[in-house]
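With JSON, C-alpha atoms inside, this is data01.json:
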[["chain", "number", "residue", "atom", "x", "y", "z"],
["A", 1, "MET", "CA", 99.42, 133.74, 292.92],
["A", 2, "SER", "CA", 100.52, 130.19, 292.23],
["A", 3, "ALA", "CA", 100.38, 127.83, 295.20],
["A", 4, "SER", "CA", 103.91, 126.57, 294.61],
["A", 5, "ILE", "CA", 105.50, 130.03, 294.68],
["A", 6, "LYS", "CA", 103.46, 131.00, 297.74],
["A", 7, "GLU", "CA", 104.48, 127.86, 299.61],
["A", 8, "SER", "CA", 108.13, 128.35, 298.62],
["A", 9, "LEU", "CA", 108.21, 131.96, 299.85],
["A", 10, "GLN", "CA", 106.55, 130.99, 303.13],
["A", 11, "LEU", "CA", 109.23, 128.33, 303.67],
["A", 12, "GLN", "CA", 111.95, 130.85, 302.85],
["A", 13, "LEU", "CA", 110.62, 133.26, 305.49],
["A", 14, "LEU", "CA", 110.56, 130.40, 308.00],
["A", 15, "GLU", "CA", 114.19, 129.55, 307.24],
["A", 16, "MET", "CA", 115.24, 133.21, 307.52],
["A", 17, "GLU", "CA", 113.64, 133.34, 310.98],
["A", 18, "MET", "CA", 115.70, 130.31, 311.99],
["A", 19, "LEU", "CA", 118.87, 131.94, 310.64],
["A", 20, "PHE", "CA", 118.29, 135.17, 312.52],
["A", 21, "SER", "CA", 117.77, 133.17, 315.72],
["A", 22, "MET", "CA", 121.04, 131.28, 315.07],
["A", 23, "PHE", "CA", 122.93, 134.52, 314.27],
["A", 24, "PRO", "CA", 121.31, 137.21, 316.43],
["A", 25, "ASN", "CA", 124.21, 139.70, 316.41],
["A", 26, "GLN", "CA", 124.02, 142.66, 314.07],
["A", 27, "GLY", "CA", 125.97, 142.15, 310.85],
["A", 28, "GLU", "CA", 126.18, 138.36, 311.07],
["A", 29, "VAL", "CA", 123.44, 138.00, 308.44],
["A", 30, "LYS", "CA", 123.73, 140.78, 305.85],
["A", 31, "LEU", "CA", 120.74, 141.11, 303.50],
["A", 32, "GLU", "CA", 121.52, 142.58, 300.09],
["A", 33, "ASP", "CA", 118.12, 144.32, 300.18],
["A", 34, "VAL", "CA", 117.06, 145.25, 303.72],
["A", 35, "ASN", "CA", 113.43, 145.38, 302.56],
["A", 36, "ALA", "CA", 113.48, 141.92, 300.96],
["A", 37, "LEU", "CA", 111.61, 140.09, 303.72],
["A", 38, "THR", "CA", 109.06, 142.88, 304.13],
["A", 39, "ASN", "CA", 108.34, 142.86, 300.40],
["A", 40, "ILE", "CA", 107.79, 139.10, 300.43],
["A", 41, "LYS", "CA", 105.39, 139.38, 303.38],
["A", 42, "ARG", "CA", 103.45, 142.08, 301.52],
["A", 43, "TYR", "CA", 103.34, 139.87, 298.43],
["A", 44, "LEU", "CA", 102.01, 136.95, 300.46],
["A", 45, "ASP", "CA", 99.27, 138.99, 302.17],
["A", 46, "GLY", "CA", 98.21, 140.52, 298.84],
["A", 47, "THR", "CA", 99.25, 144.15, 299.44],
["A", 48, "ARG", "CA", 101.97, 143.88, 296.79],
["A", 49, "GLU", "CA", 101.18, 142.58, 293.29],
["A", 50, "ALA", "CA", 104.65, 142.33, 291.73],
["A", 51, "LEU", "CA", 106.76, 139.29, 292.54],
["A", 52, "PRO", "CA", 109.50, 140.55, 294.91],
["A", 53, "PRO", "CA", 113.22, 140.07, 294.16],
["A", 54, "ASN", "CA", 115.01, 136.95, 295.37],
["A", 55, "ILE", "CA", 116.30, 136.90, 298.95],
["A", 56, "GLU", "CA", 120.08, 137.39, 298.80],
["A", 57, "PHE", "CA", 122.36, 137.58, 301.83],
["A", 58, "VAL", "CA", 125.80, 136.84, 303.25],
["A", 59, "ILE", "CA", 126.45, 134.97, 306.51],
["A", 60, "THR", "CA", 129.87, 135.27, 308.14],
["A", 61, "LEU", "CA", 130.80, 131.99, 309.83],
["A", 62, "GLN", "CA", 133.43, 131.74, 312.56],
["A", 63, "ILE", "CA", 135.35, 128.47, 312.26],
["A", 64, "GLU", "CA", 136.94, 127.46, 315.56],
["A", 65, "GLU", "CA", 139.77, 125.21, 314.31],
["A", 66, "PRO", "CA", 141.62, 126.70, 312.59],
["A", 67, "LYS", "CA", 140.59, 130.21, 313.60],
["A", 68, "VAL", "CA", 139.24, 131.48, 310.27],
["A", 69, "THR", "CA", 136.08, 133.00, 308.81],
["A", 70, "ILE", "CA", 133.97, 131.93, 305.83],
["A", 71, "ASP", "CA", 131.54, 134.24, 304.05],
["A", 72, "LEU", "CA", 128.61, 132.18, 302.73],
["A", 73, "GLN", "CA", 126.83, 134.04, 299.90],
["A", 74, "VAL", "CA", 123.27, 132.78, 299.40],
["A", 75, "THR", "CA", 120.58, 133.44, 296.80],
["A", 76, "MET", "CA", 117.14, 131.88, 297.24],
["A", 77, "PRO", "CA", 115.34, 131.48, 293.88],
["A", 78, "HIS", "CA", 111.60, 132.09, 294.11],
["A", 79, "SER", "CA", 110.87, 128.34, 293.89],
["A", 80, "TYR", "CA", 113.47, 127.29, 296.50],
["A", 81, "PRO", "CA", 113.38, 124.82, 298.27],
["A", 82, "TYR", "CA", 111.80, 123.01, 295.31],
["A", 83, "VAL", "CA", 114.70, 124.13, 293.08],
["A", 84, "ALA", "CA", 118.40, 124.25, 293.92],
["A", 85, "LEU", "CA", 119.77, 126.90, 296.25],
["A", 86, "GLN", "CA", 122.51, 129.19, 294.89],
["A", 87, "LEU", "CA", 125.36, 129.60, 297.36],
["A", 88, "PHE", "CA", 129.10, 130.16, 297.40],
["A", 89, "GLY", "CA", 131.60, 130.00, 300.27],
["A", 90, "ARG", "CA", 134.72, 132.15, 300.26],
["A", 91, "SER", "CA", 137.55, 132.88, 302.68],
["A", 92, "PRO", "CA", 140.70, 135.01, 302.40],
["A", 93, "GLU", "CA", 142.56, 132.11, 304.03],
["A", 94, "LEU", "CA", 141.90, 129.77, 301.08],
["A", 95, "ASP", "CA", 143.67, 129.85, 297.75],
["A", 96, "ARG", "CA", 141.59, 129.48, 294.58],
["A", 97, "GLN", "CA", 142.06, 125.74, 294.24],
["A", 98, "GLN", "CA", 141.07, 124.99, 297.84],
["A", 99, "GLN", "CA", 138.12, 127.37, 297.60],
["A", 100, "LEU", "CA", 137.03, 125.54, 294.44],
["A", 101, "LEU", "CA", 137.27, 122.17, 296.20],
["A", 102, "LEU", "CA", 135.39, 123.50, 299.24],
["A", 103, "ASN", "CA", 132.46, 124.64, 297.11],
["A", 104, "GLN", "CA", 132.45, 121.42, 295.12],
["A", 105, "GLY", "CA", 132.22, 119.43, 298.35],
["A", 106, "LEU", "CA", 129.43, 121.66, 299.63],
["A", 107, "SER", "CA", 127.50, 121.37, 296.34],
["A", 108, "ALA", "CA", 127.85, 117.58, 296.39],
["A", 109, "TYR", "CA", 126.44, 117.47, 299.92],
["A", 110, "LEU", "CA", 123.47, 119.69, 299.05],
["A", 111, "GLY", "CA", 122.80, 117.47, 296.04],
["A", 112, "THR", "CA", 121.71, 114.72, 298.46],
["A", 113, "PHE", "CA", 118.70, 116.77, 299.61],
["A", 114, "ASP", "CA", 115.24, 116.12, 298.18],
["A", 115, "PRO", "CA", 113.16, 118.92, 296.60],
["A", 116, "GLY", "CA", 111.23, 120.72, 299.31],
["A", 117, "GLU", "CA", 113.92, 120.35, 302.00],
["A", 118, "LEU", "CA", 115.36, 123.55, 303.48],
["A", 119, "CYS", "CA", 119.13, 123.35, 303.41],
["A", 120, "VAL", "CA", 120.80, 126.68, 304.36],
["A", 121, "CYS", "CA", 121.13, 125.62, 307.99],
["A", 122, "ALA", "CA", 122.47, 122.24, 306.85],
["A", 123, "ALA", "CA", 125.01, 123.98, 304.60],
["A", 124, "ILE", "CA", 126.21, 126.06, 307.56],
["A", 125, "GLN", "CA", 126.57, 122.94, 309.70],
["A", 126, "TRP", "CA", 128.48, 121.17, 306.90],
["A", 127, "LEU", "CA", 130.92, 124.06, 306.61],
["A", 128, "GLN", "CA", 131.46, 124.14, 310.37],
["A", 129, "ASP", "CA", 132.06, 120.38, 310.45],
["A", 130, "ASN", "CA", 134.08, 119.89, 307.26],
["A", 131, "SER", "CA", 135.84, 123.11, 306.23],
["A", 132, "ALA", "CA", 138.88, 122.60, 308.49],
["A", 133, "SER", "CA", 140.34, 119.93, 306.20],
["A", 134, "TYR", "CA", 140.35, 122.34, 303.24],
["A", 135, "PHE", "CA", 142.35, 124.91, 305.22],
["A", 136, "LEU", "CA", 144.77, 122.22, 306.44],
["A", 137, "ASN", "CA", 145.21, 120.86, 302.91],
["A", 138, "ARG", "CA", 146.42, 124.26, 301.82],
["A", 139, "LYS", "CA", 149.41, 123.97, 304.17],
["A", 140, "LEU", "CA", 150.35, 120.65, 302.56],
["A", 141, "SER", "CA", 149.93, 121.80, 298.96],
["A", 142, "ASP", "CA", 153.56, 122.90, 298.65],
["A", 143, "GLU", "CA", 154.91, 119.40, 299.29],
["A", 144, "PRO", "CA", 156.33, 118.08, 295.97],
["A", 145, "SER", "CA", 155.28, 114.49, 296.77],
["A", 146, "VAL", "CA", 151.60, 115.43, 296.79],
["A", 147, "GLN", "CA", 150.18, 115.16, 293.27],
["A", 148, "PRO", "CA", 146.58, 116.36, 293.08],
["A", 149, "LYS", "CA", 144.24, 114.15, 291.11],
["A", 150, "PRO", "CA", 142.50, 115.65, 288.07],
["A", 151, "VAL", "CA", 139.30, 117.38, 289.09],
["A", 152, "LYS", "CA", 136.28, 117.42, 286.82],
["A", 153, "ASN", "CA", 135.13, 121.01, 286.55],
["A", 154, "THR", "CA", 132.25, 122.86, 284.92],
["A", 155, "PHE", "CA", 133.31, 125.54, 282.45],
["A", 156, "LEU", "CA", 130.72, 128.33, 282.42],
["A", 157, "ARG", "CA", 130.06, 131.29, 280.13],
["A", 158, "MET", "CA", 127.55, 133.89, 281.36],
["A", 159, "TRP", "CA", 125.95, 136.60, 279.20],
["A", 160, "ILE", "CA", 124.82, 139.44, 281.45],
["A", 161, "TYR", "CA", 122.53, 142.31, 280.44],
["A", 162, "SER", "CA", 122.14, 145.69, 282.13],
["A", 163, "HIS", "CA", 120.04, 148.70, 281.09],
["A", 164, "HIS", "CA", 123.25, 150.75, 281.07],
["A", 165, "ILE", "CA", 126.81, 150.84, 282.42],
["A", 166, "TYR", "CA", 128.14, 154.40, 282.75],
["A", 167, "GLN", "CA", 129.65, 155.08, 286.17],
["A", 168, "GLN", "CA", 133.43, 155.11, 286.29],
["A", 169, "ASP", "CA", 133.62, 153.47, 289.73],
["A", 170, "LEU", "CA", 131.34, 150.62, 288.60],
["A", 171, "ARG", "CA", 133.36, 150.09, 285.39],
["A", 172, "LYS", "CA", 136.55, 150.06, 287.44],
["A", 173, "LYS", "CA", 135.08, 147.50, 289.87],
["A", 174, "ILE", "CA", 133.97, 145.18, 287.04],
["A", 175, "LEU", "CA", 137.44, 145.23, 285.44],
["A", 176, "GLU", "CA", 139.22, 144.74, 288.76],
["A", 177, "VAL", "CA", 137.05, 141.74, 289.70],
["A", 178, "GLY", "CA", 137.43, 140.23, 286.22],
["A", 179, "LYS", "CA", 141.22, 140.52, 286.31],
["A", 180, "ARG", "CA", 141.47, 139.29, 289.93],
["A", 181, "LEU", "CA", 139.57, 136.10, 289.20],
["A", 182, "ASP", "CA", 140.67, 133.58, 286.61],
["A", 183, "VAL", "CA", 138.01, 134.66, 284.11],
["A", 184, "THR", "CA", 138.00, 136.10, 280.60],
["A", 185, "GLY", "CA", 135.42, 138.04, 278.62],
["A", 186, "PHE", "CA", 134.45, 141.69, 278.23],
["A", 187, "CYS", "CA", 132.34, 144.53, 279.59],
["A", 188, "MET", "CA", 130.60, 146.68, 276.95],
["A", 189, "THR", "CA", 129.90, 150.06, 278.55],
["A", 190, "GLY", "CA", 127.10, 152.42, 277.55],
["A", 191, "LYS", "CA", 123.44, 151.71, 276.88],
["A", 192, "PRO", "CA", 122.75, 148.83, 276.99],
["A", 193, "GLY", "CA", 125.58, 147.38, 279.05],
["A", 194, "ILE", "CA", 126.66, 143.84, 278.23],
["A", 195, "ILE", "CA", 129.06, 141.64, 280.20],
["A", 196, "CYS", "CA", 130.37, 138.25, 279.16],
["A", 197, "VAL", "CA", 132.37, 136.27, 281.72],
["A", 198, "GLU", "CA", 133.80, 132.79, 281.14],
["A", 199, "GLY", "CA", 135.88, 130.39, 283.20],
["A", 200, "PHE", "CA", 135.34, 127.72, 285.83],
["A", 201, "LYS", "CA", 131.80, 127.82, 287.27],
["A", 202, "ASP", "CA", 132.85, 128.79, 290.80],
["A", 203, "HIS", "CA", 134.95, 131.71, 289.54],
["A", 204, "CYS", "CA", 132.15, 133.00, 287.28],
["A", 205, "GLU", "CA", 129.59, 132.73, 290.08],
["A", 206, "GLU", "CA", 131.92, 134.60, 292.42],
["A", 207, "PHE", "CA", 132.28, 137.32, 289.75],
["A", 208, "TRP", "CA", 128.47, 137.48, 289.39],
["A", 209, "HIS", "CA", 127.90, 137.73, 293.16],
["A", 210, "THR", "CA", 130.65, 140.31, 293.62],
["A", 211, "ILE", "CA", 129.63, 142.81, 290.93],
["A", 212, "ARG", "CA", 125.96, 142.67, 291.99],
["A", 213, "TYR", "CA", 126.58, 143.10, 295.73],
["A", 214, "PRO", "CA", 125.32, 145.19, 297.44],
["A", 215, "ASN", "CA", 122.82, 147.14, 295.30],
["A", 216, "TRP", "CA", 122.98, 146.63, 291.52],
["A", 217, "LYS", "CA", 119.33, 145.81, 290.78],
["A", 218, "HIS", "CA", 118.77, 146.35, 287.04],
["A", 219, "ILE", "CA", 120.96, 143.53, 285.82],
["A", 220, "SER", "CA", 120.24, 139.95, 284.81],
["A", 221, "CYS", "CA", 121.98, 136.89, 283.40],
["A", 222, "LYS", "CA", 120.26, 136.37, 280.03],
["A", 223, "HIS", "CA", 122.05, 133.20, 278.99],
["A", 224, "ALA", "CA", 124.56, 130.68, 280.35],
["A", 225, "GLU", "CA", 126.56, 127.99, 278.56],
["A", 226, "THR", "CA", 128.21, 125.09, 280.44],
["A", 227, "VAL", "CA", 130.68, 122.37, 279.45],
["A", 228, "GLU", "CA", 132.12, 119.63, 281.67],
["A", 229, "THR", "CA", 135.93, 119.35, 281.44],
["A", 230, "GLU", "CA", 138.84, 117.70, 283.22],
["A", 231, "GLY", "CA", 141.37, 120.10, 281.69],
["A", 232, "ASP", "CA", 142.19, 123.71, 282.43],
["A", 233, "GLY", "CA", 139.43, 124.96, 280.13],
["A", 234, "GLU", "CA", 141.77, 127.10, 278.03],
["A", 235, "ASP", "CA", 140.60, 125.45, 274.80],
["A", 236, "LEU", "CA", 137.01, 126.40, 275.63],
["A", 237, "ARG", "CA", 137.64, 130.13, 276.00],
["A", 238, "LEU", "CA", 136.41, 132.53, 273.31],
["A", 239, "PHE", "CA", 138.33, 135.44, 274.84],
["A", 240, "HIS", "CA", 141.97, 135.73, 275.91],
["A", 241, "SER", "CA", 141.56, 138.27, 278.73],
["A", 242, "PHE", "CA", 138.92, 140.35, 280.50],
["A", 243, "GLU", "CA", 138.73, 143.79, 278.91],
["A", 244, "GLU", "CA", 136.43, 146.78, 278.51],
["A", 245, "LEU", "CA", 134.71, 146.99, 275.12],
["A", 246, "LEU", "CA", 134.19, 150.53, 273.80],
["A", 247, "LEU", "CA", 132.04, 150.96, 270.68],
["A", 248, "GLU", "CA", 130.63, 153.93, 268.79],
["A", 249, "ALA", "CA", 127.45, 155.39, 270.22],
["A", 250, "HIS", "CA", 124.34, 157.08, 268.82],
["A", 251, "GLY", "CA", 122.38, 159.93, 270.41],
["A", 252, "ASP", "CA", 122.91, 162.68, 272.92],
["A", 253, "TYR", "CA", 126.31, 162.93, 274.62],
["A", 254, "GLY", "CA", 124.92, 165.42, 277.13],
["A", 255, "LEU", "CA", 124.87, 165.30, 280.90],
["A", 256, "ARG", "CA", 122.36, 162.41, 280.95],
["A", 257, "ASN", "CA", 124.65, 160.20, 278.86],
["A", 258, "ASP", "CA", 121.47, 159.00, 277.12],
["A", 259, "TYR", "CA", 123.00, 157.30, 274.11],
["A", 260, "HIS", "CA", 122.83, 153.82, 272.64],
["A", 261, "MET", "CA", 125.80, 151.70, 271.61],
["A", 262, "ASN", "CA", 126.23, 150.72, 267.96],
["A", 263, "LEU", "CA", 124.66, 147.26, 267.95],
["A", 264, "GLY", "CA", 125.86, 146.62, 264.41],
["A", 265, "GLN", "CA", 129.44, 146.89, 265.60],
["A", 266, "PHE", "CA", 128.61, 144.70, 268.56],
["A", 267, "LEU", "CA", 127.16, 142.02, 266.25],
["A", 268, "GLU", "CA", 130.39, 142.02, 264.23],
["A", 269, "PHE", "CA", 132.35, 141.68, 267.48],
["A", 270, "LEU", "CA", 130.23, 138.64, 268.42],
["A", 271, "ARG", "CA", 130.78, 137.08, 265.00],
["A", 272, "LYS", "CA", 134.54, 137.39, 265.37],
["A", 273, "HIS", "CA", 134.28, 135.53, 268.68],
["A", 274, "LYS", "CA", 131.91, 132.79, 267.42],
["A", 275, "SER", "CA", 129.00, 134.10, 269.51],
["A", 276, "GLU", "CA", 126.56, 135.50, 266.94],
["A", 277, "HIS", "CA", 123.75, 133.32, 268.34],
["A", 278, "VAL", "CA", 123.74, 135.34, 271.57],
["A", 279, "PHE", "CA", 122.61, 138.53, 269.79],
["A", 280, "GLN", "CA", 119.01, 137.35, 269.49],
["A", 281, "ILE", "CA", 119.02, 136.07, 273.08],
["A", 282, "LEU", "CA", 120.18, 139.45, 274.40],
["A", 283, "PHE", "CA", 118.02, 141.74, 272.27],
["A", 284, "GLY", "CA", 115.24, 139.58, 270.79],
["A", 285, "ILE", "CA", 116.42, 140.54, 267.30],
["A", 286, "GLU", "CA", 117.49, 137.90, 264.80],
["A", 287, "SER", "CA", 120.88, 138.81, 263.31],
["A", 288, "LYS", "CA", 121.28, 138.89, 259.53],
["A", 289, "SER", "CA", 123.94, 136.52, 258.28],
["A", 290, "SER", "CA", 126.99, 138.22, 256.87],
["A", 291, "GLU", "CA", 126.95, 135.66, 254.06],
["A", 292, "SER", "CA", 123.48, 136.63, 252.76]]
Can I see the file as structure tokens?
Amino acid sequence: MSASIKESLQLQLLEMEMLFSMFPNQGEVKLEDVNALTNIKRYLDGTREALPPNIEFVITLQIEEPKVTIDLQVTMPHSYPYVALQLFGRSPELDRQQQLLLNQGLSAYLGTFDPGELCVCAAIQWLQDNSASYFLNRKLSDEPSVQPKPVKNTFLRMWIYSHHIYQQDLRKKILEVGKRLDVTGFCMTGKPGIICVEGFKDHCEEFWHTIRYPNWKHISCKHAETVETEGDGEDLRLFHSFEELLLEAHGDYGLRNDYHMNLGQFLEFLRKHKSEHVFQILFGIESKSSES
């Protein structure tokens, strides 16, 4: 066990204890995996060999003025607090633009912390102290005299891999979330399951958090591409909408649905969308050029 990972996990457990003392009521801190903290303790005392999953949870904050709630979604990478925390604040009372600005302000504040500093509690305090202005700004956004200044955004494209995507309710959820958010891309169903989502960073991260929560475990982001832009990002998109991708399959179509998607067809699909390089990243297989 490396000393850095051990120290990081011990600090994470310490911060979780502080959070549970700050939010003692049931449901205020919702762990994605209820066994997450137990598994980390077992890993630290040597009774578990495999590195446990990241701690992921949602804290519901009550903002006094105005009377609103903010759900703070948090993921602690194994090396946090020596690497950046992943978190996203959302509220039904904020429109997309104000939610984007809120998270940009929060990210800028957390960027002032040094490696090794715990910052979830500080993020909560920042939201309680500063979020009111973002809700109030929403009320003023309809005034024609207010011209928002151009905001520099990060355009993100995530390539997500899953062992399989079969279930109808899961496929429906992925499409609904993709269409609700301002993202484009595709979801290739079958075995393996591949999802590409592109758009502004905050929207893609919200998509990623939403489809994983509460219990999709066998899924990972294999590759991410980012570009800084002051525009709307439309010229950076490789896809025009978010759709389900259905390809031919090989194998048994029986009750187990144990069949593999036609990766040759998928490679051609990637080529048409200028993404052939991702094939090797996803599958570890170097694609053969169509020109050879």
Each residue of range 178-225 of chain A with at least one atom at most 12 Å from range 87-103 of chain A should appear once, together with its nearest atom pair and the corresponding distance in Å (one decimal); atoms considered: only C-alpha atoms; ordering: chain, then increasing residue number; output as JSON lines.
{"residue": "A:Arg180", "atom": "CA", "partner": "A:Arg96", "partner_atom": "CA", "distance": 10.9}
{"residue": "A:Leu181", "atom": "CA", "partner": "A:Arg96", "partner_atom": "CA", "distance": 8.8}
{"residue": "A:Asp182", "atom": "CA", "partner": "A:Arg96", "partner_atom": "CA", "distance": 9.0}
{"residue": "A:Phe200", "atom": "CA", "partner": "A:Leu100", "partner_atom": "CA", "distance": 9.0}
{"residue": "A:Lys201", "atom": "CA", "partner": "A:Leu100", "partner_atom": "CA", "distance": 9.2}
{"residue": "A:Asp202", "atom": "CA", "partner": "A:Leu100", "partner_atom": "CA", "distance": 6.4}
{"residue": "A:His203", "atom": "CA", "partner": "A:Leu100", "partner_atom": "CA", "distance": 8.1}
{"residue": "A:Cys204", "atom": "CA", "partner": "A:Phe88", "partner_atom": "CA", "distance": 10.9}
{"residue": "A:Glu205", "atom": "CA", "partner": "A:Phe88", "partner_atom": "CA", "distance": 7.8}
{"residue": "A:Glu206", "atom": "CA", "partner": "A:Phe88", "partner_atom": "CA", "distance": 7.2}
{"residue": "A:Phe207", "atom": "CA", "partner": "A:Phe88", "partner_atom": "CA", "distance": 10.9}
{"residue": "A:Trp208", "atom": "CA", "partner": "A:Phe88", "partner_atom": "CA", "distance": 10.9}
{"residue": "A:His209", "atom": "CA", "partner": "A:Phe88", "partner_atom": "CA", "distance": 8.8}
{"residue": "A:Thr210", "atom": "CA", "partner": "A:Phe88", "partner_atom": "CA", "distance": 10.9}
For the residues in the current selection, export C-alpha atoms as a PDB file, keeping the file's coordinate frame.
ATOM      1  CA  ARG A 180     141.470 139.290 289.930  1.00  0.00           C
ATOM      2  CA  LEU A 181     139.570 136.100 289.200  1.00  0.00           C
ATOM      3  CA  ASP A 182     140.670 133.580 286.610  1.00  0.00           C
ATOM      4  CA  PHE A 200     135.340 127.720 285.830  1.00  0.00           C
ATOM      5  CA  LYS A 201     131.800 127.820 287.270  1.00  0.00           C
ATOM      6  CA  ASP A 202     132.850 128.790 290.800  1.00  0.00           C
ATOM      7  CA  HIS A 203     134.950 131.710 289.540  1.00  0.00           C
ATOM      8  CA  CYS A 204     132.150 133.000 287.280  1.00  0.00           C
ATOM      9  CA  GLU A 205     129.590 132.730 290.080  1.00  0.00           C
ATOM     10  CA  GLU A 206     131.920 134.600 292.420  1.00  0.00           C
ATOM     11  CA  PHE A 207     132.280 137.320 289.750  1.00  0.00           C
ATOM     12  CA  TRP A 208     128.470 137.480 289.390  1.00  0.00           C
ATOM     13  CA  HIS A 209     127.900 137.730 293.160  1.00  0.00           C
ATOM     14  CA  THR A 210     130.650 140.310 293.620  1.00  0.00           C
TER      15      THR A 210
END
### Task
Find the spatial neighbours of Glu17 in chain A, counting all atoms listed in the file, within a cut-off of 12 Å - ignore same-chain residues fewer than 6 positions away - and output them as a ChimeraX atom specification.
/A:10-11,23-24,29,37,120-121
### Message
Counting only C-alpha atoms, which residue out of A:Ser131, A:Gln280, A:Thr38, A:Thr60 sits closest to Met22 in chain A?
### Response
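Selected residue with least distance to Met22 in chain A: A:Thr60.
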### Query
So what do you get for CA of Thr75 in chain A versus CA of Phe57 in chain A, distance-wise?
6.8 Å
### Task
Grab the CA of Gly105 in chain A to CA of Tyr134 in chain A distance for me, in Å with one decimal place.
9.9 Å
Range 69-75 of chain A dumped to file, all heavy atoms, as a JSON list (two decimals), in the first residue's frame:
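This went into result-v1.json:
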[["chain", "number", "residue", "atom", "x", "y", "z"],
["A", 69, "THR", "N", -32.88, 25.03, -1.96],
["A", 69, "THR", "CA", -31.97, 23.92, -1.65],
["A", 69, "THR", "C", -30.96, 23.76, -2.79],
["A", 69, "THR", "O", -31.25, 24.06, -3.95],
["A", 69, "THR", "CB", -32.73, 22.60, -1.47],
["A", 69, "THR", "OG1", -33.40, 22.26, -2.68],
["A", 69, "THR", "CG2", -33.72, 22.69, -0.33],
["A", 70, "ILE", "N", -29.77, 23.29, -2.42],
["A", 70, "ILE", "CA", -28.73, 22.97, -3.39],
["A", 70, "ILE", "C", -28.24, 21.56, -3.09],
["A", 70, "ILE", "O", -27.90, 21.25, -1.95],
["A", 70, "ILE", "CB", -27.54, 23.95, -3.31],
["A", 70, "ILE", "CG1", -27.98, 25.37, -3.67],
["A", 70, "ILE", "CG2", -26.41, 23.50, -4.24],
["A", 70, "ILE", "CD1", -26.85, 26.39, -3.54],
["A", 71, "ASP", "N", -28.25, 20.71, -4.12],
["A", 71, "ASP", "CA", -27.65, 19.38, -3.99],
["A", 71, "ASP", "C", -26.20, 19.46, -4.44],
["A", 71, "ASP", "O", -25.93, 19.78, -5.60],
["A", 71, "ASP", "CB", -28.40, 18.35, -4.83],
["A", 71, "ASP", "CG", -29.72, 17.94, -4.20],
["A", 71, "ASP", "OD1", -29.88, 18.13, -2.99],
["A", 71, "ASP", "OD2", -30.59, 17.44, -4.93],
["A", 72, "LEU", "N", -25.27, 19.16, -3.54],
["A", 72, "LEU", "CA", -23.84, 19.17, -3.85],
["A", 72, "LEU", "C", -23.39, 17.73, -4.07],
["A", 72, "LEU", "O", -23.36, 16.93, -3.14],
["A", 72, "LEU", "CB", -23.05, 19.82, -2.72],
["A", 72, "LEU", "CG", -21.54, 19.95, -2.95],
["A", 72, "LEU", "CD1", -21.25, 20.84, -4.15],
["A", 72, "LEU", "CD2", -20.84, 20.49, -1.71],
["A", 73, "GLN", "N", -23.07, 17.39, -5.33],
["A", 73, "GLN", "CA", -22.60, 16.05, -5.67],
["A", 73, "GLN", "C", -21.08, 16.03, -5.58],
["A", 73, "GLN", "O", -20.42, 16.86, -6.20],
["A", 73, "GLN", "CB", -23.06, 15.67, -7.08],
["A", 73, "GLN", "CG", -24.57, 15.64, -7.22],
["A", 73, "GLN", "CD", -25.01, 15.37, -8.66],
["A", 73, "GLN", "OE1", -24.38, 15.82, -9.61],
["A", 73, "GLN", "NE2", -26.08, 14.63, -8.81],
["A", 74, "VAL", "N", -20.54, 15.08, -4.83],
["A", 74, "VAL", "CA", -19.10, 15.05, -4.54],
["A", 74, "VAL", "C", -18.53, 13.68, -4.86],
["A", 74, "VAL", "O", -19.11, 12.65, -4.51],
["A", 74, "VAL", "CB", -18.83, 15.38, -3.05],
["A", 74, "VAL", "CG1", -17.33, 15.40, -2.78],
["A", 74, "VAL", "CG2", -19.47, 16.72, -2.66],
["A", 75, "THR", "N", -17.37, 13.68, -5.52],
["A", 75, "THR", "CA", -16.58, 12.47, -5.72],
["A", 75, "THR", "C", -15.17, 12.74, -5.21],
["A", 75, "THR", "O", -14.54, 13.72, -5.61],
["A", 75, "THR", "CB", -16.52, 12.07, -7.20],
["A", 75, "THR", "OG1", -17.83, 11.79, -7.68],
["A", 75, "THR", "CG2", -15.65, 10.83, -7.39]]
